[in-house]
file model-v9.txt (compact mmCIF, C-alpha atoms)
# COMPACT_ATOMS: atom_id res chain seq x y z
CA GLN C 1 -25.13 39.31 -48.69
CA ARG C 2 -23.74 36.95 -46.03
CA VAL C 3 -26.37 38.12 -43.52
CA ARG C 4 -29.13 37.49 -46.06
CA LYS C 5 -27.77 34.05 -46.90
CA PHE C 6 -27.47 33.16 -43.22
CA ALA C 7 -31.09 34.20 -42.59
CA ASP C 8 -32.28 32.23 -45.63
CA ALA C 9 -30.38 29.17 -44.41
CA HIS C 10 -31.97 29.41 -40.93
CA PRO C 11 -35.72 30.08 -41.43
CA GLU C 12 -36.37 28.55 -38.00
CA SER C 13 -34.53 31.46 -36.32
CA SER C 14 -36.43 34.73 -35.90
CA SER C 15 -33.21 36.39 -34.68
CA ALA C 16 -31.44 35.59 -37.95
CA GLY C 17 -34.38 37.00 -39.88
CA MET C 18 -34.45 40.20 -37.81
CA LEU C 19 -30.71 40.63 -38.36
CA ALA C 20 -31.32 40.49 -42.11
CA VAL C 21 -34.12 43.05 -41.75
CA GLN C 22 -31.73 45.41 -39.99
CA ALA C 23 -29.22 44.93 -42.80
CA GLU C 24 -31.91 45.92 -45.33
CA ILE C 25 -32.76 49.02 -43.25
CA ASN C 26 -29.10 50.02 -43.22
CA LEU C 27 -29.13 49.78 -47.03
CA GLN C 28 -32.44 51.70 -47.18
CA SER C 29 -33.94 48.69 -48.98
CA TRP C 30 -37.45 49.17 -47.61
CA ILE C 31 -39.40 46.75 -49.81
CA PRO C 32 -37.02 43.77 -49.28
CA ALA C 33 -37.12 44.50 -45.54
CA LEU C 34 -40.93 44.42 -45.52
CA LYS C 35 -41.01 41.24 -47.59
CA ARG C 36 -38.76 39.50 -45.10
CA LEU C 37 -40.90 40.76 -42.21
CA ASN C 38 -44.02 39.37 -43.94
CA GLU C 39 -42.33 35.97 -44.08
CA LEU C 40 -41.33 36.24 -40.42
CA SER C 41 -44.85 37.24 -39.34
CA GLU C 42 -46.19 34.08 -40.98
CA SER C 43 -43.58 31.89 -39.28
CA PHE C 44 -43.69 33.72 -35.91
CA PRO C 45 -47.14 35.33 -35.62
CA ARG C 46 -46.87 35.65 -31.80
CA ASN C 47 -43.41 37.27 -31.73
CA PRO C 48 -43.70 41.01 -30.87
CA ASN C 49 -40.16 41.64 -32.11
CA VAL C 50 -41.34 41.06 -35.67
CA TYR C 51 -43.90 43.85 -35.36
CA ARG C 52 -41.34 46.09 -33.72
CA GLY C 53 -39.24 45.37 -36.81
CA TYR C 54 -42.05 46.70 -39.02
CA ASN C 55 -42.01 49.86 -36.93
CA ALA C 56 -38.26 50.25 -37.41
CA VAL C 57 -38.63 50.00 -41.21
CA TYR C 58 -41.51 52.46 -41.41
CA VAL C 59 -39.84 55.01 -39.11
CA ALA C 60 -36.61 54.90 -41.13
CA TRP C 61 -38.61 55.14 -44.36
CA TYR C 62 -40.56 58.12 -42.99
CA THR C 63 -37.36 60.03 -42.22
CA GLN C 64 -36.51 59.77 -45.94
CA THR C 65 -39.93 60.56 -47.46
CA ARG C 66 -41.93 62.35 -44.72
CA GLU C 67 -45.06 60.49 -45.87
CA ARG C 68 -47.60 60.21 -43.04
CA MET C 69 -48.76 56.79 -44.23
CA HIS C 70 -45.52 55.33 -42.86
CA ILE C 71 -46.27 56.75 -39.40
CA GLU C 72 -49.77 55.28 -39.53
CA GLU C 73 -48.46 51.85 -40.53
CA ALA C 74 -45.80 51.93 -37.81
CA THR C 75 -48.45 52.86 -35.22
CA ARG C 76 -50.67 49.96 -36.32
CA LYS C 77 -47.82 47.44 -36.07
CA LEU C 78 -46.80 48.68 -32.61
CA ARG C 79 -50.36 48.21 -31.38
CA ILE C 80 -50.11 44.56 -32.41
CA ALA C 81 -46.76 44.22 -30.60
CA THR C 82 -48.28 45.79 -27.46
CA ASP C 83 -51.26 43.42 -27.57
CA LEU C 84 -48.90 40.46 -27.82
CA ASP C 85 -46.76 41.58 -24.84
CA PRO C 86 -48.18 44.58 -22.94
CA ARG C 87 -45.28 44.54 -20.44
CA ASP C 88 -42.42 44.86 -22.93
CA ALA C 89 -40.68 48.18 -22.20
CA ARG C 90 -38.98 48.09 -25.60
CA THR C 91 -42.31 48.39 -27.41
CA ALA C 92 -43.27 51.40 -25.30
CA MET C 93 -39.86 52.96 -26.08
CA ASP C 94 -40.42 52.37 -29.79
CA ALA C 95 -43.81 54.05 -29.49
CA SER C 96 -42.18 57.00 -27.77
CA GLN C 97 -39.55 57.30 -30.50
CA LEU C 98 -42.25 57.06 -33.16
CA ALA C 99 -44.24 59.89 -31.56
CA ARG C 100 -41.07 61.96 -31.24
CA VAL C 101 -40.25 61.51 -34.93
CA ALA C 102 -43.83 62.47 -35.78
CA GLY C 103 -43.45 65.67 -33.74
CA ASP C 104 -45.86 64.70 -30.94
CA LEU C 105 -43.72 65.29 -27.83
CA SER C 106 -46.69 64.97 -25.47
CA SER C 107 -47.41 61.41 -26.65
CA ALA C 108 -43.70 60.65 -26.70
CA MET C 109 -43.50 61.61 -23.01
CA LYS C 110 -46.47 59.38 -22.10
CA HIS C 111 -45.00 56.35 -23.87
CA ALA C 112 -41.57 56.98 -22.32
CA GLU C 113 -43.11 57.20 -18.83
CA ARG C 114 -44.88 53.91 -19.44
CA ALA C 115 -41.64 52.33 -20.66
CA ARG C 116 -39.84 53.57 -17.56
CA ALA C 117 -42.55 52.02 -15.35
CA LEU C 118 -42.09 48.70 -17.14
CA GLU C 119 -38.30 48.80 -17.04
CA SER C 120 -36.75 46.16 -14.82
CA TYR C 121 -34.11 48.46 -13.28
CA ALA C 122 -33.66 52.16 -12.55
CA GLY C 123 -31.55 54.30 -14.86
CA GLY C 124 -32.05 52.08 -17.89
CA PRO C 125 -32.69 53.03 -21.54
CA ALA C 126 -36.27 54.15 -20.87
CA SER C 127 -35.11 56.50 -18.11
CA ARG C 128 -32.50 57.97 -20.43
CA MET C 129 -35.09 58.44 -23.14
CA LEU C 130 -37.52 60.18 -20.76
CA SER C 131 -34.75 62.42 -19.45
CA ASP C 132 -33.80 63.43 -23.00
CA LEU C 133 -37.44 64.22 -23.78
CA HIS C 134 -37.65 66.55 -20.76
CA VAL C 135 -34.50 68.28 -22.02
CA GLU C 136 -36.01 68.62 -25.50
CA LEU C 137 -39.13 70.21 -24.01
CA GLY C 138 -36.84 72.53 -22.04
CA TYR C 139 -35.14 73.73 -25.22
CA LYS C 140 -38.51 74.44 -26.80
CA ALA C 141 -39.43 76.55 -23.77
CA LEU C 142 -36.06 78.29 -23.98
CA GLU C 143 -36.66 79.17 -27.64
CA GLY C 144 -39.80 80.95 -26.49
CA SER C 145 -37.86 82.75 -23.71
CA GLN C 146 -39.85 80.84 -21.07
CA LEU C 147 -36.92 80.49 -18.71
CA GLU C 148 -38.84 79.14 -15.71
CA GLN C 149 -40.48 76.41 -17.78
CA ALA C 150 -37.12 75.50 -19.27
CA ARG C 151 -35.58 75.38 -15.79
CA ALA C 152 -38.43 73.14 -14.57
CA ALA C 153 -37.83 70.80 -17.52
CA ALA C 154 -34.14 70.54 -16.66
CA ALA C 155 -35.00 69.71 -13.05
CA ALA C 156 -37.51 67.07 -14.21
CA ALA C 157 -34.86 65.51 -16.47
CA ARG C 158 -32.45 65.21 -13.53
CA ARG C 159 -35.13 63.63 -11.33
CA VAL C 160 -35.58 60.95 -13.97
CA ASP C 161 -31.86 60.31 -14.58
CA ALA C 162 -29.23 62.36 -12.77
CA SER C 163 -26.39 60.71 -14.71
CA ARG C 164 -27.22 62.49 -17.99
CA ALA C 165 -25.37 65.66 -18.99
CA GLY C 166 -28.19 67.11 -21.08
CA SER C 167 -30.04 68.75 -18.20
CA TRP C 168 -26.86 70.55 -17.04
CA VAL C 169 -26.16 71.78 -20.58
CA LEU C 170 -29.75 73.05 -20.77
CA GLU C 171 -29.35 74.84 -17.43
CA GLY C 172 -26.15 76.40 -18.75
CA GLU C 173 -28.01 77.69 -21.81
CA ILE C 174 -30.68 79.10 -19.49
CA ALA C 175 -27.99 80.80 -17.40
CA LEU C 176 -26.55 82.47 -20.52
CA LYS C 177 -29.97 83.94 -21.30
CA SER C 178 -30.56 85.15 -17.75
CA PRO C 179 -30.13 88.92 -17.20
CA THR C 180 -27.64 88.52 -14.36
CA ARG C 181 -24.10 89.83 -14.07
CA ASP C 182 -22.64 86.44 -13.20
CA ARG C 183 -24.37 84.55 -16.03
CA PHE C 184 -21.13 83.49 -17.74
CA LEU C 185 -19.64 82.18 -14.51
CA ARG C 186 -22.88 80.37 -13.64
CA ALA C 187 -23.10 78.81 -17.11
CA TYR C 188 -19.44 77.81 -16.90
CA GLU C 189 -19.99 75.97 -13.58
CA LEU C 190 -22.98 74.12 -15.06
CA ALA C 191 -21.00 73.20 -18.19
CA LYS C 192 -18.26 71.77 -15.96
CA LYS C 193 -20.82 69.51 -14.25
CA ALA C 194 -22.04 68.34 -17.66
CA LYS C 195 -18.47 67.69 -18.82
CA ASP C 196 -17.75 65.62 -15.71
CA LEU C 197 -20.77 63.42 -16.49
CA GLU C 198 -20.35 63.12 -20.26
CA PRO C 199 -17.05 64.55 -21.57
CA TYR C 200 -18.10 64.13 -25.20
CA HIS C 201 -21.67 65.38 -24.97
CA PRO C 202 -22.22 67.33 -28.24
CA GLY C 203 -23.41 70.51 -26.51
CA VAL C 204 -20.76 70.83 -23.78
CA ASN C 205 -17.82 72.26 -25.74
CA SER C 206 -20.02 74.77 -27.53
CA LEU C 207 -21.43 75.98 -24.20
CA LEU C 208 -17.95 76.20 -22.64
CA ALA C 209 -16.67 78.13 -25.66
CA ARG C 210 -19.47 80.69 -25.37
CA CYS C 211 -18.74 81.05 -21.65
CA HIS C 212 -15.11 81.83 -22.47
CA LYS C 213 -16.21 84.35 -25.10
CA GLY C 214 -18.47 86.00 -22.54
CA SER C 215 -15.62 86.12 -20.05
CA ALA C 216 -13.41 87.69 -22.73
CA THR C 217 -16.06 90.32 -23.45
CA THR C 218 -16.22 91.19 -19.75
CA ALA C 219 -12.41 91.45 -19.60
CA LEU C 220 -12.39 93.79 -22.62
CA LEU C 221 -15.07 95.98 -21.08
CA ILE C 222 -13.04 96.27 -17.87
CA MET C 223 -9.90 96.92 -19.93
CA GLY C 224 -11.71 99.79 -21.64
CA ARG C 225 -12.28 101.53 -18.31
CA TYR C 226 -8.55 101.95 -17.78
CA ARG C 227 -7.32 104.69 -20.10
CA GLU C 228 -4.36 107.01 -19.90
CA PRO C 229 -5.18 110.71 -20.32
CA PRO C 230 -3.01 113.01 -22.46
CA ALA C 231 0.44 113.93 -21.18
CA GLY C 232 0.46 116.68 -18.61
CA THR C 233 -2.93 115.81 -17.11
CA GLU C 234 -3.02 116.87 -13.48
CA GLY C 235 -2.79 114.05 -10.92
CA TRP C 236 -1.35 111.52 -13.36
CA ASP C 237 2.24 110.78 -12.45
CA GLU C 238 4.28 107.97 -14.04
CA ALA C 239 3.47 105.50 -11.25
CA ARG C 240 -0.27 105.89 -11.84
CA ARG C 241 0.17 105.60 -15.60
CA LYS C 242 2.21 102.42 -15.14
CA GLN C 243 -0.51 100.93 -12.93
CA VAL C 244 -3.14 101.61 -15.62
CA ARG C 245 -0.95 99.98 -18.28
CA GLN C 246 -0.53 96.94 -16.04
CA TYR C 247 -4.31 96.65 -15.56
CA ARG C 248 -4.91 96.94 -19.29
CA GLU C 249 -2.29 94.30 -20.00
CA ARG C 250 -3.78 91.92 -17.42
CA TYR C 251 -7.29 92.10 -18.90
CA ARG C 252 -5.98 92.01 -22.47
CA ARG C 253 -4.15 88.77 -21.70
CA GLN C 254 -7.22 87.35 -19.99
CA ALA C 255 -9.35 88.13 -23.06
CA ILE C 256 -6.80 86.55 -25.42
CA ASN C 257 -6.58 83.44 -23.24
CA ASP C 258 -10.38 83.06 -23.06
CA LEU C 259 -10.82 83.60 -26.81
CA ASN C 260 -8.09 81.09 -27.64
CA LEU C 261 -9.72 78.52 -25.37
CA ALA C 262 -13.06 79.20 -27.08
CA LEU C 263 -11.45 78.53 -30.48
CA LEU C 264 -9.90 75.31 -29.21
CA LEU C 265 -13.19 74.08 -27.73
CA ASP C 266 -15.39 74.96 -30.70
CA PRO C 267 -13.25 75.59 -33.81
CA GLY C 268 -16.27 75.16 -36.09
CA ALA C 269 -18.36 77.88 -34.45
CA GLU C 270 -20.09 80.27 -36.83
CA ASP C 271 -18.28 83.27 -35.35
CA ALA C 272 -14.84 81.55 -35.23
CA PRO C 273 -13.36 83.79 -37.98
CA ASP C 274 -14.44 86.91 -36.06
CA THR C 275 -12.96 85.48 -32.87
CA GLU C 276 -9.65 84.78 -34.63
CA ARG C 277 -9.53 88.35 -35.95
CA THR C 278 -10.19 89.70 -32.44
CA VAL C 279 -7.36 87.59 -31.03
CA ARG C 280 -4.95 88.83 -33.71
CA ARG C 281 -5.96 92.43 -33.06
CA LEU C 282 -5.47 92.04 -29.31
CA GLU C 283 -2.10 90.37 -29.81
CA GLN C 284 -0.95 93.14 -32.12
CA SER C 285 -2.10 95.80 -29.65
CA SER C 286 0.75 94.86 -27.32
CA ALA C 287 4.34 95.96 -27.69
CA SER C 288 5.49 92.35 -27.26
CA THR C 289 5.34 90.20 -30.38
CA GLN C 290 3.98 86.67 -30.50
CA ALA C 291 7.54 85.31 -30.64
CA GLU C 292 8.39 87.20 -27.46
CA ARG C 293 5.27 85.79 -25.78
CA GLN C 294 6.29 82.27 -26.75
CA GLN C 295 9.78 82.87 -25.41
CA LYS C 296 8.41 84.19 -22.11
CA ALA C 297 6.07 81.20 -21.91
CA ARG C 298 9.04 78.83 -22.30
CA GLU C 299 10.97 80.74 -19.64
CA HIS C 300 8.08 80.41 -17.17
CA TYR C 301 7.77 76.72 -18.07
CA GLU C 302 11.47 76.09 -17.39
CA LYS C 303 11.19 78.05 -14.14
CA GLY C 304 8.29 75.80 -13.15
CA LEU C 305 10.36 72.70 -13.89
CA ARG C 306 13.15 74.00 -11.65
CA HIS C 307 10.65 74.71 -8.87
CA GLN C 308 9.32 71.15 -9.21
CA ILE C 309 12.82 69.71 -8.88
CA ASP C 310 13.43 71.86 -5.79
CA GLY C 311 10.11 70.75 -4.27
CA ASN C 312 8.50 74.24 -4.48
CA ARG C 313 5.24 72.97 -5.93
CA VAL C 314 3.16 76.11 -5.32
CA ASP C 315 5.75 78.27 -7.11
CA ALA C 316 5.87 75.68 -9.87
CA LEU C 317 2.08 75.75 -10.25
CA TYR C 318 2.01 79.52 -10.70
CA ALA C 319 4.97 79.44 -13.09
CA PHE C 320 3.11 76.96 -15.30
CA TYR C 321 -0.02 79.09 -14.98
CA GLU C 322 1.89 82.14 -16.25
CA SER C 323 3.22 80.01 -19.10
CA VAL C 324 -0.24 78.95 -20.34
CA GLN C 325 -1.56 82.49 -19.94
CA LEU C 326 1.12 83.62 -22.38
CA SER C 327 0.73 80.62 -24.68
CA PRO C 328 -2.70 78.87 -24.37
CA ARG C 329 -1.64 76.12 -26.81
CA PHE C 330 1.42 75.09 -24.73
CA ALA C 331 0.29 71.52 -23.99
CA ARG C 332 3.26 70.52 -21.83
CA ALA C 333 2.72 73.52 -19.54
CA HIS C 334 -0.98 72.62 -19.22
CA GLY C 335 -0.02 69.05 -18.34
CA ARG C 336 2.49 70.13 -15.67
CA LEU C 337 -0.06 72.57 -14.22
CA VAL C 338 -2.63 69.79 -13.81
CA GLN C 339 0.02 67.53 -12.28
CA ASP C 340 0.98 70.17 -9.69
CA ALA C 341 -2.62 71.14 -8.93
CA VAL C 342 -3.58 67.52 -8.18
CA TYR C 343 -0.47 67.08 -6.01
CA LEU C 344 -1.26 70.22 -3.99
CA LEU C 345 -4.96 69.41 -3.66
CA ASN C 346 -4.07 66.12 -2.02
CA LEU C 347 -2.00 67.98 0.59
CA LEU C 348 -4.67 70.51 1.59
CA PRO C 349 -6.64 69.89 4.81
CA LYS C 350 -10.33 69.16 4.25
CA ASP C 351 -11.79 71.09 7.20
CA ASP C 352 -10.11 74.48 6.86
CA ALA C 353 -11.98 77.44 5.30
CA GLU C 354 -8.88 79.04 3.79
CA ALA C 355 -7.73 75.70 2.45
CA LEU C 356 -11.11 75.26 0.76
CA LYS C 357 -10.73 78.63 -0.98
CA THR C 358 -7.27 77.62 -2.15
CA ALA C 359 -8.60 74.25 -3.31
CA ARG C 360 -11.28 75.93 -5.41
CA LYS C 361 -8.62 78.12 -7.04
CA TYR C 362 -6.40 75.11 -7.81
CA GLU C 363 -9.38 73.13 -9.14
CA GLU C 364 -10.35 75.99 -11.44
CA MET C 365 -6.80 76.29 -12.81
CA ALA C 366 -6.57 72.53 -13.34
CA TRP C 367 -10.01 72.31 -14.93
CA ARG C 368 -9.20 75.04 -17.46
CA SER C 369 -5.96 73.29 -18.38
CA LEU C 370 -7.74 69.94 -18.74
CA SER C 371 -10.28 71.57 -21.08
CA ALA C 372 -7.43 73.08 -23.09
CA LEU C 373 -5.61 69.73 -23.27
CA GLU C 374 -8.72 67.94 -24.50
CA ALA C 375 -9.34 70.65 -27.08
CA LEU C 376 -5.72 70.49 -28.22
CA ASP C 377 -5.98 66.72 -28.52
CA LEU C 378 -9.19 67.02 -30.60
CA ASP C 379 -7.57 69.76 -32.68
call {"tool": "encode", "arguments": {"input": "model-v9.txt", "output": "structure tokens"}}
result
Amino acid sequence: QRVRKFADAHPESSSAGMLAVQAEINLQSWIPALKRLNELSESFPRNPNVYRGYNAVYVAWYTQTRERMHIEEATRKLRIATDLDPRDARTAMDASQLARVAGDLSSAMKHAERARALESYAGGPASRMLSDLHVELGYKALEGSQLEQARAAAAAARRVDASRAGSWVLEGEIALKSPTRDRFLRAYELAKKAKDLEPYHPGVNSLLARCHKGSATTALLIMGRYREPPAGTEGWDEARRKQVRQYRERYRRQAINDLNLALLLDPGAEDAPDTERTVRRLEQSSASTQAERQQKAREHYEKGLRHQIDGNRVDALYAFYESVQLSPRFARAHGRLVQDAVYLLNLLPKDDAEALKTARKYEEMAWRSLSALEALDLD
């Protein structure tokens, strides 16, 4: 009401009037919004913002009713706005959004390209819009299993605006659909790049969660290869049996850790209940109970703290790593791991091949713990 009263009290201000129009749109009061725009068009017939306001009303109205007449009216008003100021990038962006809402991605791309050409600086809103449209086209290609076209769309999106995470998420989705053995690792690396650019991009956590689930599946498949034969089988002494049990335990723990991280990253996933059941089954398959695992995790954590005090930062790092492997929700252990990893990374020489391998290992450990901490915080 205050916005309306302010606009009524200042008829000489088109900005006040447009603010009132936006308030009506927010309330889905389409007719009052159009009435106010009619008054503004009489007072400011040469102001393209007024006609862009008509477009905003009709587009919002269309999303509620899906009546094509609203698209036609919006198109007509945007033509007037373009005639009044052909070099206004905002009008071209509105035209692109209108075409996108109407389902015409080809026209949306053309308008977005024109808006980008009119934009006064690189990497602005028009560039972001064009990049997002390339990503949307990529997803449509991906739905049709046209991986090369989807990959080309992701590359085109990055050429337009390399600061957006969407193209990396799309590439990660493409990697998951690729018939390669390292697809989960490849998708994981791409998801990390996306997360670095936009930590809260809506598709990143879901992609990371599916990568962890894929890694868990691989671990379970490897675990299944290691089986103890019946007692008395020739060539199977106790040492060999113990080694097999150790391998099975290692991959079982890896699968549990990956599945728990997946649940933390995407707790609302459709298959979350199945994932939780799998985790419980894997935890019960071990002789050690959950309480024992928690106790061992605390012991490793305390060992890491002692190593930190003594200045043995590498030993501390691996103690904290063991702790979070046993208890993926142990936030303090994750935090200490990241702290140690950053400290050690700063000490490593930059021009040594072995040091670079070690750095990649530390970065991977730290990155997983950072993902877990963020997920725990969101949880």
call {"tool": "atom_distance", "arguments": {"input": "model-v9.txt", "atom1": "atom CA of Leu282 of chain C", "atom2": "atom CA of Met223 of chain C"}}
result
11.5 Å
call {"tool": "residues_near_point", "arguments": {"input": "model-v9.txt", "point": "(-37.5, 58.1, -29.7)", "cutoff": "10 Å", "atoms": "all atoms listed in the file", "output": "VMD selection string"}}
result
chain C and resid 92 to 102 105 108 to 109 111 to 112 126 129 to 130 132 to 133
call {"tool": "write_last_selection", "arguments": {"input": "model-v9.txt", "atoms": "C-alpha atoms", "output": "mmCIF file, keeping the file's coordinate frame"}}
result
data_model
loop_
_atom_site.group_PDB
_atom_site.id
_atom_site.type_symbol
_atom_site.label_atom_id
_atom_site.label_comp_id
_atom_site.auth_asym_id
_atom_site.auth_seq_id
_atom_site.Cartn_x
_atom_site.Cartn_y
_atom_site.Cartn_z
ATOM 1 C CA ALA C 92 -43.270 51.400 -25.300
ATOM 2 C CA MET C 93 -39.860 52.960 -26.080
ATOM 3 C CA ASP C 94 -40.420 52.370 -29.790
ATOM 4 C CA ALA C 95 -43.810 54.050 -29.490
ATOM 5 C CA SER C 96 -42.180 57.000 -27.770
ATOM 6 C CA GLN C 97 -39.550 57.300 -30.500
ATOM 7 C CA LEU C 98 -42.250 57.060 -33.160
ATOM 8 C CA ALA C 99 -44.240 59.890 -31.560
ATOM 9 C CA ARG C 100 -41.070 61.960 -31.240
ATOM 10 C CA VAL C 101 -40.250 61.510 -34.930
ATOM 11 C CA ALA C 102 -43.830 62.470 -35.780
ATOM 12 C CA LEU C 105 -43.720 65.290 -27.830
ATOM 13 C CA ALA C 108 -43.700 60.650 -26.700
ATOM 14 C CA MET C 109 -43.500 61.610 -23.010
ATOM 15 C CA HIS C 111 -45.000 56.350 -23.870
ATOM 16 C CA ALA C 112 -41.570 56.980 -22.320
ATOM 17 C CA ALA C 126 -36.270 54.150 -20.870
ATOM 18 C CA MET C 129 -35.090 58.440 -23.140
ATOM 19 C CA LEU C 130 -37.520 60.180 -20.760
ATOM 20 C CA ASP C 132 -33.800 63.430 -23.000
ATOM 21 C CA LEU C 133 -37.440 64.220 -23.780
#
call {"tool": "residues_around", "arguments": {"input": "model-v9.txt", "residues": "Thr217 of chain C", "least_positions_apart": "3", "cutoff": "12 Å", "atoms": "only C-alpha atoms", "output": "PyMOL selection string"}}
result
chain C and resi 184+210-214+220-224+251-252+254-259+275+278-279
call {"tool": "residues_around", "arguments": {"input": "model-v9.txt", "residues": "segment 298-306 of chain C", "least_positions_apart": "4", "cutoff": "6 Å", "atoms": "all atoms listed in the file", "output": "list in words"}}
result
Ala316, Ala319, Phe320 and Ser323 of chain C
call {"tool": "atom_distance", "arguments": {"input": "model-v9.txt", "atom1": "atom CA of Glu198 of chain C", "atom2": "atom CA of Pro349 of chain C"}}
result
29.4 Å
call {"tool": "residues_around", "arguments": {"input": "model-v9.txt", "residues": "Lys140 of chain C", "least_positions_apart": "2", "cutoff": "12 Å", "atoms": "all atoms listed in the file", "output": "MDAnalysis selection string"}}
result
chainID C and resid 105 133:138 142:147 149:151 153:154 170 174
call {"tool": "atom_distance", "arguments": {"input": "model-v9.txt", "atom1": "atom CA of Ser163 of chain C", "atom2": "atom CA of Leu261 of chain C"}}
result
26.6 Å
call {"tool": "residues_near_point", "arguments": {"input": "model-v9.txt", "point": "(-33.8, 36.5, -40.7)", "cutoff": "12 Å", "atoms": "all atoms listed in the file", "output": "count of residues only"}}
result
38
call {"tool": "residues_around", "arguments": {"input": "model-v9.txt", "residues": "Gln243 of chain C", "least_positions_apart": "5", "cutoff": "12 Å", "atoms": "all atoms listed in the file", "output": "list in words"}}
result
Tyr226, Arg227, Glu228, Trp236, Asp237, Glu238, Arg248, Glu249 and Arg250 of chain C
call {"tool": "residues_around", "arguments": {"input": "model-v9.txt", "residues": "Glu73 of chain C", "least_positions_apart": "3", "cutoff": "8 Å", "atoms": "all atoms listed in the file", "output": "compact mmCIF listing (two decimals) with C-alpha atoms, keeping the file's coordinate frame"}}
result
# COMPACT_ATOMS: atom_id res chain seq x y z
CA ASN C 55 -42.01 49.86 -36.93
CA TYR C 58 -41.51 52.46 -41.41
CA MET C 69 -48.76 56.79 -44.23
CA HIS C 70 -45.52 55.33 -42.86
CA ARG C 76 -50.67 49.96 -36.32
CA LYS C 77 -47.82 47.44 -36.07
call {"tool": "closest_residue", "arguments": {"input": "model-v9.txt", "among": "C:Gly172, C:Pro48, C:Gly103, C:Gly311", "to": "Lys192 of chain C", "atoms": "only C-alpha atoms"}}
result
C:Gly172
call {"tool": "closest_residue", "arguments": {"input": "model-v9.txt", "among": "C:Asn346, C:Thr180, C:Gln1, C:Gln284", "to": "Arg253 of chain C", "atoms": "all atoms listed in the file"}}
result
C:Gln284
